[in-house]
Structure formats: C-alpha cells, structure tokens
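Colleague: Have a look at the structure that comes next, please.
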Amino acid sequence: MDGNGRWAKSRGLPRTEGHRAGEDALFDVLEGALDIGLKWMSVYAFSTENWRRPGDEVRFLIGFNEDILLRRRDELHERDVRIRFVGRRDRRVPKRLIKNMDDAIELTKNNKAMTLTVAFNYGGRSEIVDAVRTLVADKVPAERISARSIASRLYDPQMPDPDLMIRTSGESRTSNFLLWQLAYSELYFTDVAWPDFRREHLYQAIAAYQERERRFGGVGE
Ligand code: FPP
C-alpha cells in the first residue's frame, strides 16, 4: 500500500493523512475483491524496516493499525472475511496490539468468503530466518531440509503463493514483501498512489494478469 506519504505531501498535508486516506482505498479494494470472489488478499501494513521512520510516524502507524482493527473488525466479520497476520511478534510490537490481533483472528477464524492477511512488522528475509531457526530447533537433519520443509515453517503455511503482486505509487521493487512466496508470482506495477487506488485499479491489474502466460520455469502450452 505504497505512496501514502507522497500523496499527502503533494497535497500539502502531513504524511499521516496519506495513511488515513489509505484506509478508504483498502476497504474499497476489499469490497471489490469480495464482489469478484477473490479468496485471498494480503496487504503490507508495516514492515520490519518501517521502525526506521520518525518516532511520530511509527507511533501513528501502530496506533492506526490498531484503530482500524478495532473499528472495522466487526464489519469484516459480517462480510465473512477471515483475518490473519504475518510478521514478527517481537518486543517492539505493543502487547495490546497483539491482543487485538489475536481477538480479530479468533473472531473471524471460521469465515469463508476471503482471507485477509495483514503483514505487520513483516519482512520477507526475517520470515525465512525465522523458518530456518524453527528447522534448527526442530532438529531437522540437513538432508531433510527442502523447499517444502521451509515453506511449512513460514508465518502462515496455509497461505497459497500469491498469483499476483500489485505495487502502487511507481516503485518497481518488491521491498522484502513475501520474498519466498513471490518466487513465481506475476508482478504488476502502477503509478497510482495507494490512497487513490480503487477496485477499478484492482480489476485493471487482474485483467493484465490474465494476459500473462505463466510457465513456472516450464515451456508453456
Ligand atoms: C506505505 O506508504 C504505507 C504504509 C507504511 C502503511 C499503510 C497502512 C495502512 C493503510 C493501514 C492498514 C491497516 C490495516 C489494519 C490493514 P509510504 O508511507 O511508504 O508512502 P511513501 O512511499 O509515499 O512515503
């Protein structure tokens, strides 16, 4: 959900207003995704690198994520959305936020329309590091280490690899998002800043995806 800060700056607003505007974008895209029967959607809400931002913005982002969770979890529950989180639950993440995450997970755990995965304090490299640490803790012998044994120790092993990754606001990189899972995903880059992104943009991205030929390293049909 990139471009919030620049969107705000270009309007003479504080960066935090860009994040606020990003909430409308998120829920419009979510509704649009539900309308077309998309089963899995994942959003990058806070990265392991975002701690480097000024203290005020970090505090805002943590509070804002919690605020959205509390204000909108019932609505998500009514829309039959299952909420999950990926990311490190280290000491920097306030205990109360973790409790609210767990409550949202519990409340929505049996929902079927869609799984919304929120990447919070998430980094793709950290995820792989944590998976390897688990392998070692599980005393898995070297010859048993495989793509499958690593994948089964990622933060949410049930999450399928994404078909499509959308990056907004004109940047053309993955920035440590779902590093392992994106190996064969189709990447879509758009200049639209996240606060301006709406379901129509999602549909444009999906239409572009439908034109792609996915070969997964093979030769295709
Ligand atoms: C990136 O824009 C955006 C973020 C770091 C935060 C986005 C978070 C939300 C919209 C809240 C989502 C909350 C839930 C619970 C799903 P940026 O600040 O990097 O923009 P810039 O590149 O223009 O500086």
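Here, A, B, ... name the chains of the structure tokens in the order displayed, residue numbers run from 1 inside each chain, and ligands are numbered from 1 in the same displayed order.
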Could you tell me, counting only C-alpha atoms and all ligand atoms, which protein and nucleic acid residues lie no more than 7 Å from ligand 1, written as a ChimeraX atom specification?

Modeller: /A:1-7,15,19-20,22-23,26,43-46,50,61,64-66,68-69,118

Colleague: Save out the residues we just selected, N, CA and C atoms, as a PDB file, in the first residue's frame.

Modeller:
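Written file, out_30.pdb:
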ATOM      1  N   MET A   1       0.867  -1.175   0.000  1.00  0.00           N
ATOM      2  CA  MET A   1       0.000   0.000   0.000  1.00  0.00           C
ATOM      3  C   MET A   1       0.901   1.221   0.000  1.00  0.00           C
ATOM      4  N   ASP A   2       1.643   1.399  -1.099  1.00  0.00           N
ATOM      5  CA  ASP A   2       2.717   2.386  -1.101  1.00  0.00           C
ATOM      6  C   ASP A   2       2.269   3.717  -1.702  1.00  0.00           C
ATOM      7  N   GLY A   3       2.865   4.778  -1.207  1.00  0.00           N
ATOM      8  CA  GLY A   3       2.649   6.095  -1.789  1.00  0.00           C
ATOM      9  C   GLY A   3       1.820   7.018  -0.917  1.00  0.00           C
ATOM     10  N   ASN A   4       1.472   6.559   0.278  1.00  0.00           N
ATOM     11  CA  ASN A   4       0.633   7.373   1.169  1.00  0.00           C
ATOM     12  C   ASN A   4       1.309   8.692   1.529  1.00  0.00           C
ATOM     13  N   GLY A   5       2.589   8.592   1.874  1.00  0.00           N
ATOM     14  CA  GLY A   5       3.328   9.778   2.314  1.00  0.00           C
ATOM     15  C   GLY A   5       3.440  10.800   1.186  1.00  0.00           C
ATOM     16  N   ARG A   6       3.813  10.321  -0.011  1.00  0.00           N
ATOM     17  CA  ARG A   6       3.974  11.239  -1.139  1.00  0.00           C
ATOM     18  C   ARG A   6       2.632  11.841  -1.567  1.00  0.00           C
ATOM     19  N   TRP A   7       1.596  11.024  -1.491  1.00  0.00           N
ATOM     20  CA  TRP A   7       0.243  11.505  -1.824  1.00  0.00           C
ATOM     21  C   TRP A   7      -0.121  12.687  -0.925  1.00  0.00           C
ATOM     22  N   ARG A  15       2.140  13.498   6.361  1.00  0.00           N
ATOM     23  CA  ARG A  15       2.199  12.131   5.814  1.00  0.00           C
ATOM     24  C   ARG A  15       1.095  11.247   6.394  1.00  0.00           C
ATOM     25  N   HIS A  19      -1.846   8.049   5.129  1.00  0.00           N
ATOM     26  CA  HIS A  19      -2.197   6.733   5.680  1.00  0.00           C
ATOM     27  C   HIS A  19      -3.703   6.666   5.961  1.00  0.00           C
ATOM     28  N   ARG A  20      -4.221   7.774   6.502  1.00  0.00           N
ATOM     29  CA  ARG A  20      -5.677   7.805   6.770  1.00  0.00           C
ATOM     30  C   ARG A  20      -6.463   7.589   5.479  1.00  0.00           C
ATOM     31  N   GLY A  22      -5.482   6.051   3.007  1.00  0.00           N
ATOM     32  CA  GLY A  22      -5.243   4.672   2.584  1.00  0.00           C
ATOM     33  C   GLY A  22      -6.281   3.696   3.114  1.00  0.00           C
ATOM     34  N   GLU A  23      -6.924   4.058   4.191  1.00  0.00           N
ATOM     35  CA  GLU A  23      -7.964   3.165   4.738  1.00  0.00           C
ATOM     36  C   GLU A  23      -9.141   3.049   3.765  1.00  0.00           C
ATOM     37  N   LEU A  26      -8.155   0.822   0.977  1.00  0.00           N
ATOM     38  CA  LEU A  26      -8.120  -0.588   1.384  1.00  0.00           C
ATOM     39  C   LEU A  26      -9.527  -1.191   1.401  1.00  0.00           C
ATOM     40  N   VAL A  43      -2.058  -7.673   2.488  1.00  0.00           N
ATOM     41  CA  VAL A  43      -1.616  -6.280   2.411  1.00  0.00           C
ATOM     42  C   VAL A  43      -0.436  -6.052   3.352  1.00  0.00           C
ATOM     43  N   TYR A  44       0.458  -5.177   2.865  1.00  0.00           N
ATOM     44  CA  TYR A  44       1.664  -4.875   3.650  1.00  0.00           C
ATOM     45  C   TYR A  44       1.374  -3.618   4.468  1.00  0.00           C
ATOM     46  N   ALA A  45       1.148  -3.778   5.761  1.00  0.00           N
ATOM     47  CA  ALA A  45       0.735  -2.652   6.599  1.00  0.00           C
ATOM     48  C   ALA A  45       1.898  -2.020   7.365  1.00  0.00           C
ATOM     49  N   PHE A  46       2.910  -2.831   7.691  1.00  0.00           N
ATOM     50  CA  PHE A  46       4.056  -2.281   8.445  1.00  0.00           C
ATOM     51  C   PHE A  46       5.224  -3.242   8.284  1.00  0.00           C
ATOM     52  N   ASN A  50      10.118  -0.339   8.657  1.00  0.00           N
ATOM     53  CA  ASN A  50       9.375   0.894   8.961  1.00  0.00           C
ATOM     54  C   ASN A  50       9.707   1.473  10.341  1.00  0.00           C
ATOM     55  N   LEU A  61       1.468   4.917  12.961  1.00  0.00           N
ATOM     56  CA  LEU A  61       1.139   3.709  12.179  1.00  0.00           C
ATOM     57  C   LEU A  61       0.692   2.565  13.088  1.00  0.00           C
ATOM     58  N   PHE A  64      -2.703   3.482  14.360  1.00  0.00           N
ATOM     59  CA  PHE A  64      -3.683   3.480  13.271  1.00  0.00           C
ATOM     60  C   PHE A  64      -4.083   2.051  12.892  1.00  0.00           C
ATOM     61  N   ASN A  65      -3.105   1.184  12.843  1.00  0.00           N
ATOM     62  CA  ASN A  65      -3.404  -0.223  12.547  1.00  0.00           C
ATOM     63  C   ASN A  65      -4.344  -0.793  13.601  1.00  0.00           C
ATOM     64  N   GLU A  66      -4.052  -0.466  14.859  1.00  0.00           N
ATOM     65  CA  GLU A  66      -4.880  -0.974  15.950  1.00  0.00           C
ATOM     66  C   GLU A  66      -6.293  -0.384  15.867  1.00  0.00           C
ATOM     67  N   ILE A  68      -7.861   0.732  13.196  1.00  0.00           N
ATOM     68  CA  ILE A  68      -8.625   0.124  12.092  1.00  0.00           C
ATOM     69  C   ILE A  68      -9.157  -1.238  12.521  1.00  0.00           C
ATOM     70  N   LEU A  69      -8.291  -1.995  13.184  1.00  0.00           N
ATOM     71  CA  LEU A  69      -8.705  -3.327  13.635  1.00  0.00           C
ATOM     72  C   LEU A  69      -9.931  -3.247  14.533  1.00  0.00           C
ATOM     73  N   VAL A 118      -2.796  -9.566   6.919  1.00  0.00           N
ATOM     74  CA  VAL A 118      -2.156  -8.279   7.159  1.00  0.00           C
ATOM     75  C   VAL A 118      -0.703  -8.547   7.565  1.00  0.00           C
TER      76      VAL A 118
END

Colleague: Just the alpha helix (DSSP H) stuff from chain A, please, per backbone DSSP, written as JSON, numbers by chain.

Modeller: {"A": [4, 5, 6, 7, 8, 9, 15, 16, 17, 18, 19, 20, 21, 22, 23, 24, 25, 26, 27, 28, 29, 30, 31, 32, 33, 34, 35, 55, 56, 57, 58, 59, 60, 61, 62, 63, 64, 65, 66, 67, 68, 69, 70, 71, 72, 73, 74, 75, 76, 77, 78, 95, 96, 97, 98, 99, 100, 101, 102, 103, 104, 105, 106, 107, 108, 124, 125, 126, 127, 128, 129, 130, 131, 132, 133, 134, 135, 136, 137, 147, 148, 149, 150, 151, 199, 200, 201, 202, 203, 204, 205, 206, 207, 208, 209, 210]}

Colleague: Name the residues in contact with Ala131 in chain A at a cut-off of 12 Å, using only C-alpha atoms, excluding same-chain residues fewer than 2 positions from it; report them as a PyMOL selection string.

Modeller: chain A and resi 87-88+124-129+133-138+140+145-157+180

Colleague: Please identify all polymer residues within 12 Å of Leu34 in chain A, counting only C-alpha atoms, omitting same-chain residues fewer than 3 positions from it, and present them as a list in words.

Modeller: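 Close residues of Leu34 in chain A: Phe27, Asp28, Val29, Leu30, Glu31, Gly37, Leu38, Lys39, Trp40, Met41, Leu76, Arg79, Asp80, Val81, Arg82, Lys112, Ala113, Met114, Thr115, Leu116, Arg199, Leu202 and Tyr203 of chain A.
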
Colleague: May I have the selected residues written with N, CA and C atoms, as a compact mmCIF listing (two decimals), in the first residue's frame?

Modeller:
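This is the output file out-v2.txt:
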# COMPACT_ATOMS: atom_id res chain seq x y z
N PHE A 27 -10.47 -0.46 1.96
CA PHE A 27 -11.80 -1.06 2.09
C PHE A 27 -12.55 -1.06 0.76
N ASP A 28 -12.27 -0.12 -0.13
CA ASP A 28 -12.88 -0.19 -1.46
C ASP A 28 -12.32 -1.39 -2.24
N VAL A 29 -11.02 -1.57 -2.15
CA VAL A 29 -10.39 -2.71 -2.85
C VAL A 29 -10.91 -4.03 -2.26
N LEU A 30 -11.04 -4.05 -0.95
CA LEU A 30 -11.53 -5.26 -0.28
C LEU A 30 -12.95 -5.60 -0.74
N GLU A 31 -13.82 -4.59 -0.78
CA GLU A 31 -15.20 -4.84 -1.24
C GLU A 31 -15.20 -5.30 -2.70
N GLY A 37 -15.15 -12.44 -5.89
CA GLY A 37 -14.88 -13.77 -5.32
C GLY A 37 -13.41 -14.08 -5.09
N LEU A 38 -12.61 -13.04 -4.92
CA LEU A 38 -11.19 -13.27 -4.61
C LEU A 38 -11.08 -13.90 -3.23
N LYS A 39 -10.37 -14.99 -3.13
CA LYS A 39 -10.36 -15.74 -1.87
C LYS A 39 -9.25 -15.33 -0.92
N TRP A 40 -8.15 -14.82 -1.47
CA TRP A 40 -7.02 -14.44 -0.62
C TRP A 40 -6.51 -13.07 -1.02
N MET A 41 -6.34 -12.22 -0.04
CA MET A 41 -5.73 -10.92 -0.30
C MET A 41 -4.80 -10.60 0.86
N LEU A 76 -15.73 -6.53 8.98
CA LEU A 76 -15.03 -7.58 8.23
C LEU A 76 -15.64 -8.94 8.57
N ARG A 79 -18.80 -9.45 6.79
CA ARG A 79 -18.55 -9.72 5.36
C ARG A 79 -17.91 -11.09 5.16
N ASP A 80 -17.84 -11.87 6.24
CA ASP A 80 -17.33 -13.24 6.17
C ASP A 80 -15.84 -13.31 5.82
N VAL A 81 -15.10 -12.28 6.26
CA VAL A 81 -13.66 -12.22 6.00
C VAL A 81 -12.89 -12.79 7.19
N ARG A 82 -11.98 -13.67 6.90
CA ARG A 82 -11.10 -14.22 7.94
C ARG A 82 -9.83 -13.36 7.99
N LYS A 112 -15.42 -17.59 5.61
CA LYS A 112 -15.09 -18.33 4.39
C LYS A 112 -14.96 -17.49 3.13
N ALA A 113 -15.52 -16.27 3.12
CA ALA A 113 -15.54 -15.53 1.85
C ALA A 113 -14.12 -15.20 1.38
N MET A 114 -13.29 -14.74 2.32
CA MET A 114 -11.94 -14.34 1.94
C MET A 114 -11.02 -14.38 3.15
N THR A 115 -9.75 -14.64 2.90
CA THR A 115 -8.76 -14.47 3.96
C THR A 115 -7.98 -13.20 3.67
N LEU A 116 -8.04 -12.27 4.61
CA LEU A 116 -7.27 -11.04 4.51
C LEU A 116 -6.06 -11.18 5.42
N ARG A 199 -11.14 -0.23 -6.48
CA ARG A 199 -11.39 -1.57 -7.04
C ARG A 199 -11.16 -1.62 -8.55
N LEU A 202 -7.76 -2.46 -9.18
CA LEU A 202 -7.55 -3.90 -8.93
C LEU A 202 -7.98 -4.71 -10.16
N TYR A 203 -9.14 -4.35 -10.70
CA TYR A 203 -9.64 -5.10 -11.86
C TYR A 203 -8.72 -4.92 -13.07

Colleague: Which distance in Å separates CA of Asp56 in chain A and CA of Phe120 in chain A, to one decimal?

Modeller: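 Separation of CA of Asp56 in chain A and CA of Phe120 in chain A: 17.6 Å.
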
Colleague: Just list the residues in chain A DSSP gives strand (DSSP E) on the backbone, as a ChimeraX atom specification.

Modeller: /A:40-47,81-86,114-122,164-167,186-189

Colleague: Write out the residues from the selection above, keeping C-alpha atoms, as a PDB file, in the first residue's frame.

Modeller:
ATOM      1  CA  TRP A  40      -7.017 -14.438  -0.622  1.00  0.00           C
ATOM      2  CA  MET A  41      -5.733 -10.924  -0.303  1.00  0.00           C
ATOM      3  CA  SER A  42      -2.642  -9.808   1.573  1.00  0.00           C
ATOM      4  CA  VAL A  43      -1.616  -6.280   2.411  1.00  0.00           C
ATOM      5  CA  TYR A  44       1.664  -4.875   3.650  1.00  0.00           C
ATOM      6  CA  ALA A  45       0.735  -2.652   6.599  1.00  0.00           C
ATOM      7  CA  PHE A  46       4.056  -2.281   8.445  1.00  0.00           C
ATOM      8  CA  SER A  47       7.474  -3.601   7.528  1.00  0.00           C
ATOM      9  CA  VAL A  81     -13.659 -12.221   5.997  1.00  0.00           C
ATOM     10  CA  ARG A  82     -11.098 -14.221   7.941  1.00  0.00           C
ATOM     11  CA  ILE A  83      -8.324 -12.012   9.304  1.00  0.00           C
ATOM     12  CA  ARG A  84      -4.776 -13.289   9.693  1.00  0.00           C
ATOM     13  CA  PHE A  85      -1.427 -11.683  10.379  1.00  0.00           C
ATOM     14  CA  VAL A  86       2.089 -12.439   9.266  1.00  0.00           C
ATOM     15  CA  MET A 114     -11.939 -14.343   1.937  1.00  0.00           C
ATOM     16  CA  THR A 115      -8.755 -14.474   3.958  1.00  0.00           C
ATOM     17  CA  LEU A 116      -7.271 -11.036   4.506  1.00  0.00           C
ATOM     18  CA  THR A 117      -3.665 -11.363   5.590  1.00  0.00           C
ATOM     19  CA  VAL A 118      -2.156  -8.279   7.159  1.00  0.00           C
ATOM     20  CA  ALA A 119       1.630  -8.181   7.101  1.00  0.00           C
ATOM     21  CA  PHE A 120       2.608  -6.322  10.249  1.00  0.00           C
ATOM     22  CA  ASN A 121       6.186  -5.976  11.480  1.00  0.00           C
ATOM     23  CA  TYR A 122       6.806  -8.195   8.495  1.00  0.00           C
ATOM     24  CA  LEU A 164      -0.404 -11.512  -8.439  1.00  0.00           C
ATOM     25  CA  MET A 165       1.529  -8.872  -6.542  1.00  0.00           C
ATOM     26  CA  ILE A 166       0.475  -5.258  -7.038  1.00  0.00           C
ATOM     27  CA  ARG A 167       2.799  -2.438  -6.077  1.00  0.00           C
ATOM     28  CA  GLU A 186       3.160 -12.106 -11.566  1.00  0.00           C
ATOM     29  CA  LEU A 187       4.261  -8.609 -10.643  1.00  0.00           C
ATOM     30  CA  TYR A 188       2.190  -5.552 -11.514  1.00  0.00           C
ATOM     31  CA  PHE A 189       3.408  -2.017 -11.018  1.00  0.00           C
TER      32      PHE A 189
END

Colleague: If you count only C-alpha atoms, which residues fall within 9 Å of Leu107 in chain A, apart from same-chain ones fewer than 2 positions away, as a list in words?

Modeller: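 Once the nearby chain positions are removed, what remains is Arg73, Asp74, His77, Arg82, Ile83, Asp102, Asp103, Ala104, Ile105, Lys109, Asn110 and Asn111 of chain A.
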
Colleague: With a distance cut-off of 7 Å and only C-alpha atoms, select the neighbouring residues of Thr190 in chain A, excluding the residue or stretch itself and same-chain residues fewer than 4 positions from it, and output the selection as a PyMOL selection string.

Modeller: chain A and resi 167-170

Colleague: Have a look at CA of Asp90 in chain A and CA of Gln158 in chain A and let me know their distance in Å, one decimal.

Modeller: 22.0 Å

Colleague: Report the distance between CA of Ile98 in chain A and CA of Gly32 in chain A in Å, rounded to one decimal place.

Modeller: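 Between CA of Ile98 in chain A and CA of Gly32 in chain A the gap is 28.2 Å.
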
Colleague: Find the residue from A:Phe197, A:Asp163, A:Arg96, A:Asn176 that sits nearest to Arg214 in chain A; use only C-alpha atoms when measuring.

Modeller: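 Counting only C-alpha atoms, the residue closest to Arg214 in chain A is A:Asp163.
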